Amino acid sequence: MCRRLAALVLLGLCVAPAAVAQPAGSDPRSPRERLSLFVQTRNAVRDRHEAQRRAIAADTTRTAEARQAAQDANRRAEQEELLTVHRVQGFHLAEFIYYALPPATLTDSFKDFLRQASRTRVDQQLGSTSQIVKTGVAALFGFALETGAVTQTINQNVATVHANADGLVRFLANQDLFPVCDPTAADCDTGSPLKNLELSASFDVSDADAQSLSGTTPGTGSAINFSTMVTQHQFASATARYALDRFNHRDLRSAAYLRKWLDWLSKNKDQMVPAATDLLSSTQPVEDALEKARATAPSALADCNDSMLLYDRWLCESNAALAGATDAEWPDVLQKRLDVLLAGMRAADPTFDQKLADAGRAFLRYMSLRRSLAATVITDPSLTVDYTYSEPAVQPRMHSVVIAWAFSPKGAAGTANTGTITVNAGVDFYHDPQPTGVNLNTSRWKDARAVVTFDRPMGPADSAATLSATVYYQYQRFPNPFVVPSGAVTLPGTNIPLPAAGTKLLSDTGSIVVAQGVVTIRFASNGLKIPIGISWANRSELVSGNRVIGTVGFSFDSAPLLLLQGNR
Amino acid sequence: MPGKLARGNGVFDAVGHEGDEPTVFIRSDAAPGVIVIAATYGGAKVAIGDNGSMKLPPLQAGTTNLTLVIDGVQTGDDIQLFEDGFDGDELCRGVVGSAPGGASPRIGFRIHV
């Protein structure tokens, strides 16, 4: 009872968010988040020089004096570079734009990028009846309705709801599901460890066709044949999926990566030039506005005075203020200085905010293109662990544990491989010990399974259809137990009396092999997917003999809707 | 032999003479693979040679910005501006900034005549 109540609560939590997409509120960024790009740049300069210091110290080919001279030069260079981080004109315009932008501009552009990326995903679990467990985890919630799995003898339509634990908490707390901030910053809340936890529940929602079953009674081995229809609409299973660490192979410093990166750049440069030109032309008005606030004749910045133009005086005063700031004071001092510059620029140029917004969007367009192109070369593998509790029709309650690993094989150098291979290994075991058919022995062990599937878009990465091919093997050491359901009738032409409903029987032994092909039509704008496929199996869990079934259904993922501009 | 551009004084990144057409390139100790994707000088497109060099149009009086979109770098990497064909030191140096999603691709130099 508690279990079913919990499943209903989960369903309610999942469906409620679908009805309302929350509007974006006020600026979700703290001042520290707005400063995060400046801080990131400063930390990166520090890290690079720290690495150089360690390399110099470890360099035994130099004399002690030479090492000391190199360390001194490195410290001087670090100090000089640190004093350039706040110079927004030139190298650090992106940081300034991010600080000054109306946040909605940035978050909406970021969501554009995420929506584009979500179109290319082939790793998301559709429902519970697929033979494969995929590694994609829902951002908030999803829903699927499918025909039954080919390995299940009693074939009912199954509805599955998925929900992400962290996504639900954030949604109910009116927090942004896709925050835009520096993920390395301490105050950037990109989600708790719960973001890797997905919960799902499945329910049988249709009647099953009449099914003939054959079994033997444990101990005596008497054969029993009957026909039954399952009309019970019930809880089928509940699953908890946790995505383990995502491996990151994006070390830009490695020689292997550098080679791959340069190869990729040379092949994709032509595609990036239009966006780069757009970036330059869109940031030019901000650059021009800042340039108008600067001296056009050589002058020193040593003495700050009222005769200086706005930016020059700001830079002069900022140099002095930041040079004397401690590490702890630096963010606050910089924030105050940036606010001074912003106020001055807004007063001098009433269209400055619009120029910032245009430039910000151009930055995001460029970064989005760059990332989406790069993503075709680098696809991180992922690993998930699934635990499922299930109550299959006429069979005993059971538990399953599955490890799923997904990766994208290498393509030709510098070109995309949008395909993903997912491999599963899992075991199923009964909640209570069950008869094995050998004497009166019992065992909780049910089966072990291995699955391999290959998914790839039919065309470009964001094409409307994907193709999946799956091979499944399930090893069953013992015959599967099942019970005679109420309403079972003798087969036509026979008059063997049936045992009472609830009597336990054993099916034939034998392992299961399944081959499955599925084409999934996907509507990227609203998260709707329609899988259409065909499956062949050498048997189902309770009945021997070849079996071919068509599968069709639909699934819905909330992420594309949540990524619409103005929604959280 | 001196080039057509000289180091700036802190206000400018480089100083030149009106009408000169210097060729410049960038280099990075931290990111040897840095490449220039696109460049403009005073808003006008600058062609990029196969080796990454950029021949500037005739330098204009006043202060003009040379703006580049670069790739192959990480946040915090150094970028140095050099004049091509001369053995002089770097004209100026900066560090690559941050942008949402990675290193900022845009850098700019103030060239004064």
# chains A, B, ... in the order shown; residues from 1 in each chain; ligands from 1
call {"tool": "residues_around", "arguments": {"residues": "Ala103 in chain B", "least_positions_apart": "2", "cutoff": "7 Å", "atoms": "only C-alpha atoms", "output": "PDB file with N, CA and C atoms, in the first residue's frame"}}
result
ATOM      1  N   VAL B  73      42.817  28.095 -27.421  1.00  0.00           N
ATOM      2  CA  VAL B  73      43.378  28.629 -26.173  1.00  0.00           C
ATOM      3  C   VAL B  73      42.473  28.279 -25.003  1.00  0.00           C
ATOM      4  N   GLN B  74      43.007  28.461 -23.813  1.00  0.00           N
ATOM      5  CA  GLN B  74      42.216  28.322 -22.595  1.00  0.00           C
ATOM      6  C   GLN B  74      42.255  29.655 -21.858  1.00  0.00           C
ATOM      7  N   THR B  75      41.272  29.841 -21.000  1.00  0.00           N
ATOM      8  CA  THR B  75      41.256  31.028 -20.159  1.00  0.00           C
ATOM      9  C   THR B  75      42.580  31.151 -19.406  1.00  0.00           C
ATOM     10  N   VAL B  96      44.061  35.627 -22.092  1.00  0.00           N
ATOM     11  CA  VAL B  96      42.749  35.249 -22.626  1.00  0.00           C
ATOM     12  C   VAL B  96      41.722  35.254 -21.487  1.00  0.00           C
ATOM     13  N   GLY B  97      40.598  35.883 -21.749  1.00  0.00           N
ATOM     14  CA  GLY B  97      39.561  35.989 -20.731  1.00  0.00           C
ATOM     15  C   GLY B  97      38.589  34.821 -20.765  1.00  0.00           C
ATOM     16  N   SER B  98      37.528  34.963 -19.985  1.00  0.00           N
ATOM     17  CA  SER B  98      36.498  33.917 -19.891  1.00  0.00           C
ATOM     18  C   SER B  98      35.223  34.392 -20.561  1.00  0.00           C
ATOM     19  N   ALA B  99      34.523  33.463 -21.166  1.00  0.00           N
ATOM     20  CA  ALA B  99      33.187  33.731 -21.703  1.00  0.00           C
ATOM     21  C   ALA B  99      32.304  32.564 -21.273  1.00  0.00           C
ATOM     22  N   PRO B 105      36.741  34.064 -26.969  1.00  0.00           N
ATOM     23  CA  PRO B 105      37.410  33.984 -28.271  1.00  0.00           C
ATOM     24  C   PRO B 105      37.855  35.346 -28.797  1.00  0.00           C
TER      25      PRO B 105
END
call {"tool": "closest_residue", "arguments": {"among": "B:Gly76, B:Gly3, B:Pro100, B:Gly108", "to": "His17 in chain B", "atoms": "only C-alpha atoms"}}
result
B:Gly3
call {"tool": "atom_distance", "arguments": {"atom1": "CA of Ala240 in chain A", "atom2": "CA of Gly142 in chain A"}}
result
14.1 Å
call {"tool": "residues_around", "arguments": {"residues": "Asp349 in chain A", "least_positions_apart": "2", "cutoff": "12 Å", "atoms": "only C-alpha atoms", "output": "PyMOL selection string"}}
result
chain A and resi 285-286+288-290+292-293+310+341-347+351-356
call {"tool": "write_last_selection", "arguments": {"atoms": "N, CA, C and O atoms", "output": "short mmCIF file (atom, residue, chain, number, x, y, z; two decimals), in the first residue's frame"}}
result
data_model
loop_
_atom_site.label_atom_id
_atom_site.label_comp_id
_atom_site.auth_asym_id
_atom_site.auth_seq_id
_atom_site.Cartn_x
_atom_site.Cartn_y
_atom_site.Cartn_z
N PRO A 285 30.11 47.85 -31.67
CA PRO A 285 29.49 49.04 -31.05
C PRO A 285 29.90 49.24 -29.59
O PRO A 285 30.08 50.38 -29.15
N VAL A 286 30.07 48.14 -28.84
CA VAL A 286 30.52 48.29 -27.45
C VAL A 286 31.96 48.80 -27.44
O VAL A 286 32.33 49.70 -26.67
N ASP A 288 33.41 50.51 -29.74
CA ASP A 288 33.42 51.92 -30.18
C ASP A 288 32.99 52.85 -29.05
O ASP A 288 33.55 53.94 -28.87
N ALA A 289 31.97 52.43 -28.29
CA ALA A 289 31.50 53.26 -27.18
C ALA A 289 32.60 53.44 -26.15
O ALA A 289 32.81 54.54 -25.61
N LEU A 290 33.33 52.36 -25.87
CA LEU A 290 34.44 52.46 -24.91
C LEU A 290 35.56 53.31 -25.48
O LEU A 290 36.20 54.10 -24.78
N LYS A 292 35.33 55.78 -27.50
CA LYS A 292 34.97 57.20 -27.42
C LYS A 292 35.27 57.79 -26.06
O LYS A 292 35.39 59.00 -25.91
N ALA A 293 35.35 56.91 -25.08
CA ALA A 293 35.61 57.37 -23.71
C ALA A 293 37.09 57.29 -23.37
O ALA A 293 37.48 57.25 -22.21
N LEU A 310 36.38 59.47 -19.71
CA LEU A 310 35.74 58.53 -18.78
C LEU A 310 36.50 57.22 -18.58
O LEU A 310 36.83 56.85 -17.46
N LEU A 341 32.03 52.20 -13.91
CA LEU A 341 32.17 52.26 -15.37
C LEU A 341 30.81 52.13 -16.04
O LEU A 341 30.48 52.87 -16.98
N LEU A 342 30.01 51.18 -15.56
CA LEU A 342 28.70 50.97 -16.16
C LEU A 342 27.83 52.22 -16.05
O LEU A 342 27.18 52.63 -17.02
N ALA A 343 27.82 52.80 -14.87
CA ALA A 343 27.00 54.01 -14.67
C ALA A 343 27.46 55.12 -15.60
O ALA A 343 26.64 55.81 -16.23
N GLY A 344 28.76 55.28 -15.73
CA GLY A 344 29.30 56.32 -16.60
C GLY A 344 28.97 56.07 -18.06
O GLY A 344 28.56 56.98 -18.79
N MET A 345 29.12 54.81 -18.49
CA MET A 345 28.85 54.49 -19.89
C MET A 345 27.36 54.62 -20.21
O MET A 345 26.98 55.06 -21.30
N ARG A 346 26.51 54.23 -19.27
CA ARG A 346 25.07 54.35 -19.50
C ARG A 346 24.66 55.81 -19.57
O ARG A 346 23.77 56.17 -20.36
N ALA A 347 25.29 56.64 -18.77
CA ALA A 347 24.97 58.07 -18.81
C ALA A 347 25.45 58.69 -20.12
O ALA A 347 24.78 59.55 -20.71
N THR A 351 22.09 54.11 -25.36
CA THR A 351 21.86 52.81 -26.01
C THR A 351 22.90 51.76 -25.58
O THR A 351 23.00 50.69 -26.19
N PHE A 352 23.66 52.07 -24.55
CA PHE A 352 24.76 51.17 -24.17
C PHE A 352 24.24 49.78 -23.77
O PHE A 352 24.84 48.77 -24.13
N ASP A 353 23.13 49.75 -23.03
CA ASP A 353 22.59 48.45 -22.61
C ASP A 353 22.19 47.60 -23.81
O ASP A 353 22.38 46.37 -23.82
N GLN A 354 21.59 48.24 -24.82
CA GLN A 354 21.20 47.49 -26.01
C GLN A 354 22.44 46.95 -26.73
O GLN A 354 22.44 45.81 -27.22
N LYS A 355 23.48 47.77 -26.77
CA LYS A 355 24.73 47.32 -27.40
C LYS A 355 25.30 46.12 -26.64
O LYS A 355 25.82 45.16 -27.23
N LEU A 356 25.23 46.19 -25.30
CA LEU A 356 25.71 45.07 -24.49
C LEU A 356 24.90 43.80 -24.77
O LEU A 356 25.46 42.70 -24.89
#
call {"tool": "closest_residue", "arguments": {"among": "A:Glu65, A:Asp166, A:Glu198, A:Asp278", "to": "chain B", "atoms": "only C-alpha atoms"}}
result
A:Asp278
call {"tool": "atom_distance", "arguments": {"atom1": "CA of Lys529 in chain A", "atom2": "CA of Ile421 in chain A"}}
result
19.7 Å
